[in-house]
Every structure is written in structure tokens, then in C-alpha cells.
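Enquirer: To start, I am sharing the structure in question, which I have written as C-alpha cells.
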Amino acid sequence: MRYALITDHIVAKLYGKKLCHHLHKMGYDIALFSFPAGEASKTRQTKERLEDGLLKHHYSRDTTIIALGGGVVTDLAGFLAATYCRGVSLILIPTTLMAMCDAAIGGKTGVNTPCGKNMIGAFYLPHAIHIHPGFLKTLPEQELFCGTVEILKAGLIADAELFFNFSSFSVEEALGRAIEVKRRIVAHDMHDVGKRRFLNLGHTLGHAIEAASGFQLSHGKAVAMGIVLEAKISHRLGLLNTTALSHIEAAFPPVVLPCPYEAIMQPLTLDKKGRFSFVLLQDIADPVVKEVPVAIIEEIVHDAFMCTC
Ligand SMILES: NC(=O)c1ccc[n+]([C@@H]2O[C@H](COP(=O)([O-])OP(=O)(O)OC[C@H]3O[C@@H](n4cnc5c(N)ncnc54)[C@H](O)[C@@H]3O)[C@@H](O)[C@H]2O)c1
Ligand SMILES: [Zn+2]
């Protein structure tokens with residue numbers, strides 16, 4: 001068996017080179033392949049460059065890809081493993097909180113295109129996932145925040161204790177519970193035709209806010225606002241009670257929306273039906289998918305926008 005350790009330049013410097021050297025000394029036939037860090041690298045072009053590198057070094061079907069890094073690395077190297085020689089063995093070693101609790105779990109792999117994020121990819125399960133919270137010691141604060149938002153989201157979808165007692169759990173406990181929420185949902189709906197949609201809580205408005213900020217706002221900050229606004233929509237529709245809404249508002253930073261208001265609403269008003277499908281909450285840990293009239297979304301976003309100014 002030959003091993004190809006795929007990572008980004010930042011993680012290569014921090015951990016990849018040492019890990020590769022260590023495994024090599026233990027007798028593994030292993031080499032490191034890396035690419036520039038960041039979402040901009042999650043493309044077909046980067047995948048092609050890595051594939052050409054592997055082909056040049058005569059990697060064949062007896063290859064194991066080790067993806068070491070954040071969600072960009074696990075998504076990209078996972079997709080590469082799914083298609084290289086029609087599918088080779090894959091091991092994921094996530095190094096961000098986001099990748100540990102979300103991206104590395106559930107078998108979705110892929111790359112971005114100019115027409116949209118994650119538009120080309122495959123469902124491909126790894127043969128093993130190794131999670132070591134020790135990697136988090138070097139993770140920047142902003143990246144830790146992104147992961148924390150996804151863990152709280154997991155609590156809001158299916159684990160009320162995780163949501164309410166988050167601060168009293170150790171990182172390992174909180175991670176374990178968030179992973180279990182995703183594992184259970186994916187076990188019932190691997191191919192995203194039913195309950196897997198619940199994992200999009202906060203992401204419909206979150207993505208709109210992230211895009212409206214010209215991607216200046218981090219995914220975590222935008223999704224945190226998306227969760228609060230979608231909880232307000234749930235409350236406005238009479239699904240969620242006032243106490244639950246205030247718990248959610250207290251768990252996330254205040255909503256401060258980027259300008260202009262129209263940019264946030266644009267992807268939602270493009271939809272001609274006048275209604276938009278959302279993951280809403282009937283209670284903490286009780287999600288539901290509902291069609292929401294655009295007028296109500298406009299009202300909630302507009303109110304939040306006025307409070308921002
Ligand atoms: N497949 C899925 O189900 C799924 C789910 C959620 C998110 N995602 C994808 O995950 C990606 C985002 O993942 P991410 O937030 O991990 O971003 P990322 O992979 O870009 O990592 C963030 C930054 O942290 C650096 N980094 C990684 N580990 C580090 C460490 N231990 N110490 C210091 N720096 C470290 C990286 O080099 C990068 O600069 C997006 O592309 C998103 O689409 C996929
Ligand atoms: Zn997310």
C-alpha cells in the first residue's frame with residue numbers, strides 16, 4: 001500500500017511534514033502533496049494538479065489518501081479519493097473544529113465552481129476518521145468560533161442538553177455530541193433527500209449574509225446571524241415560543257447585518273414562487289422544514305437591519 005498525505009500549506013508546515021516524516025521512518029511508503037490554504041483553492045484545478053502529481057509518481061489503485069486539514073482539505077482530497085483510479089482508500093484527519101464536527105462526517109466531498117459552492121463532488125465515505133482535539137491548540141480564534149457555531153447548531157437540531165450546557169462541556173464532550181447528531185442524521189439520510197436538510201439550520205440566511213458581505217464576514221459569523229434570524233422567523237410564524245427564542249438570541253453574538261439590505265434579500269427574492277423553504281424550529285432540538293412567504297422573511301430581515309443601523 002502507498003500513502004499520499006494531502007494537506008494545505010499551513011497545515012503542512014504545522015503538522016503535515018512532521019507526520020509524513022514520522023510515518024516514513026516507521027516504514028510507510030508515504031509522500032506529502034500540498035496546495036495553498038483557503039477556500040479559493042477548493043477547485044477542479046487544484047484537484048487536477050494533485051492528481052497529475054500522483055500520476056507522475058505512479059500512484060495506482062493500491063493508494064490510500066490521507067486528508068490532513070480543515071474542511072477545504074477533507075472535501076477536496078475526499079473527492080480526489082472518490083475518483084482517483086475509480087476510487088481509492090481514504091483516511092480523514094480533520095484539524096479544524098469545523099472539520100471535526102461537520103465537514104469530515106457524512107461522506108460529502110466536492111469542489112467549488114464559479115457557478116456555486118460544492119457544485120461538483122461525490123458521496124464517498126472514508127475508511128477511517130481520526131479526530132485529535134490537540135490540533136485545535138494552533139487554530140486561530142475565528143476558526144474556533146466557526147466550529148463552535150456548528151456545534152451549537154447541532155444542539156439546536158437534535159441535542160437540547162448540548163445547546164443548554166455547552167459551556168460546561170469539555171471540547172471533547174461537545175465535539176462527541178455534535179458528531180453523534182450528524183452521524184445519526186446521515187445514517188438515515190446519506191444522500192440528502194430528507195432529514196439531512198436539518199443540518200442547514202441558519203445556513204439559508206447565513207449564506208445570503210455571507211455573500212452580501214462580499215465574503216468579508218466569516219462563515220461562522222454569518223451562520224450565527226442566520227440561526228438567530230431563522231429562529232425569529234420561527235417565532236413570527238407561531239412555531240417557537242418567546243423563551244426559546246431568547247435562549248437562542250443569548251447564545252450567539254448580536255445580529256449586525258452587512259449593507260445593503262437588498263443584497264441580503266436578493267437570492268431569496270429571485271425565487272418566483274413568493275415562498276422560500278427554510279429549516280425552522282418548533283422548540284430547541286425540534287426542527288421542521290417549512291415554506292415561508294417572502295414578505296415575512298423581508299419583515300424579519302428588515303427589522304434586524306433597522307436595529308443594526
Ligand atoms: N462536506 C461537508 O459535509 C461539509 C460540511 C461543512 C463544511 N464543509 C466545507 O468545509 C470548508 C470549511 O472548512 P474549515 O472551516 O475547516 O476551513 P479551512 O479548511 O479553510 O481551514 C481554515 C484555516 O485554518 C487553517 N488550519 C487548519 N487546521 C489548522 C490548525 N490545526 N491550526 C492552525 N491552522 C489550521 C487552514 O490552513 C485554513 O487557513 C468549506 O469549504 C465548506 O464547504 C463541508
Ligand atoms: Zn456551516
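Labels for the C-alpha cells follow display order: chains A, B, ..., residues from 1 in each chain, ligands from 1.
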Name the residues in contact with Ala224 of chain A at a cut-off of 12 Å, using only C-alpha atoms, excluding same-chain residues fewer than 6 positions from it; report them as JSON, numbers by chain.
Expert: {"A": [145, 146, 147, 148, 149, 150, 151, 152, 153, 156, 200, 201, 202, 203, 204, 205, 206, 207, 209, 210, 217, 218, 230, 231, 248, 249, 250, 251, 252, 253, 254, 255, 256, 257]}
Enquirer: Using only C-alpha atoms and all ligand atoms, determine which residues fall within 7 Å of ligand 1, then list them as an NGL selection string.
Expert: :A and (8-11 or 37-39 or 42 or 69-73 or 75 or 95-99 or 102-109 or 117-118 or 135-140 or 143 or 146)
Enquirer: Among segment 51-264 of chain A, which ones does DSSP assign to helix (DSSP H, G or I) (computed from the backbone)? Answer as a ChimeraX atom specification.
Expert: /A:51-56,71-86,97-103,133-138,141-158,160-164,166-168,171-188,195-200,203-212,219-236,242-251,261-264
Enquirer: Identify, on the basis of only C-alpha atoms, every residue whose closest approach to Ser234 of chain A does not exceed 10 Å; exclude the query and any residue fewer than 2 positions from it along the same chain; express the result as a ChimeraX atom specification.
Expert: /A:228-232,236-241,245,278-283,287-288,290,292
Enquirer: Please determine, counting only C-alpha atoms, which residue among A:Ala81, A:Ile30, A:Leu23, A:Pro133 has the shortest atom-to-atom distance to Ser170 of chain A.
Expert: A:Pro133
Enquirer: From the list A:Ala154, A:Cys85, A:Met26, A:Ala128, which residue is nearest Ile66 of chain A when using only C-alpha atoms?
Expert: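 Of all the options, A:Ala128 lies closest to Ile66 of chain A.
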Enquirer: Quick check, in Å to one decimal: how far apart do atom CA of Ala77 of chain A and atom CA of Ala158 of chain A lie?
Expert: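 Atom-to-atom, atom CA of Ala77 of chain A and atom CA of Ala158 of chain A are spaced 29.3 Å apart.
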Enquirer: Just to confirm, what's the straight-line distance from atom CA of His191 of chain A to atom CA of Phe123 of chain A in Å (one decimal)?
Expert: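 Between atom CA of His191 of chain A and atom CA of Phe123 of chain A the gap is 7.5 Å.
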Enquirer: Could you give me, as a VMD selection string, the residues within 12 Å of Pro114 of chain A, counting only C-alpha atoms and dropping anything in the same chain fewer than 6 positions from it?
Expert: chain A and resid 40 42 to 45 120
Enquirer: Would you mind exporting N, CA and C atoms of the selected residues as a compact mmCIF listing (two decimals), in the first residue's frame?
Expert:
```txt
# COMPACT_ATOMS: atom_id res chain seq x y z
N ALA A 40 -10.40 29.46 -1.72
CA ALA A 40 -10.14 29.72 -3.15
C ALA A 40 -9.43 28.55 -3.81
N LYS A 42 -10.27 25.41 -3.30
CA LYS A 42 -11.14 24.21 -3.39
C LYS A 42 -11.77 24.16 -4.78
N THR A 43 -10.94 23.85 -5.78
CA THR A 43 -11.38 23.92 -7.18
C THR A 43 -11.01 22.64 -7.93
N ARG A 44 -11.61 22.53 -9.13
CA ARG A 44 -11.25 21.42 -10.01
C ARG A 44 -9.78 21.52 -10.41
N GLN A 45 -9.28 22.77 -10.55
CA GLN A 45 -7.89 22.96 -10.98
C GLN A 45 -6.91 22.41 -9.94
N ILE A 120 -19.63 20.38 -7.71
CA ILE A 120 -19.12 19.14 -8.30
C ILE A 120 -18.55 18.29 -7.17
```
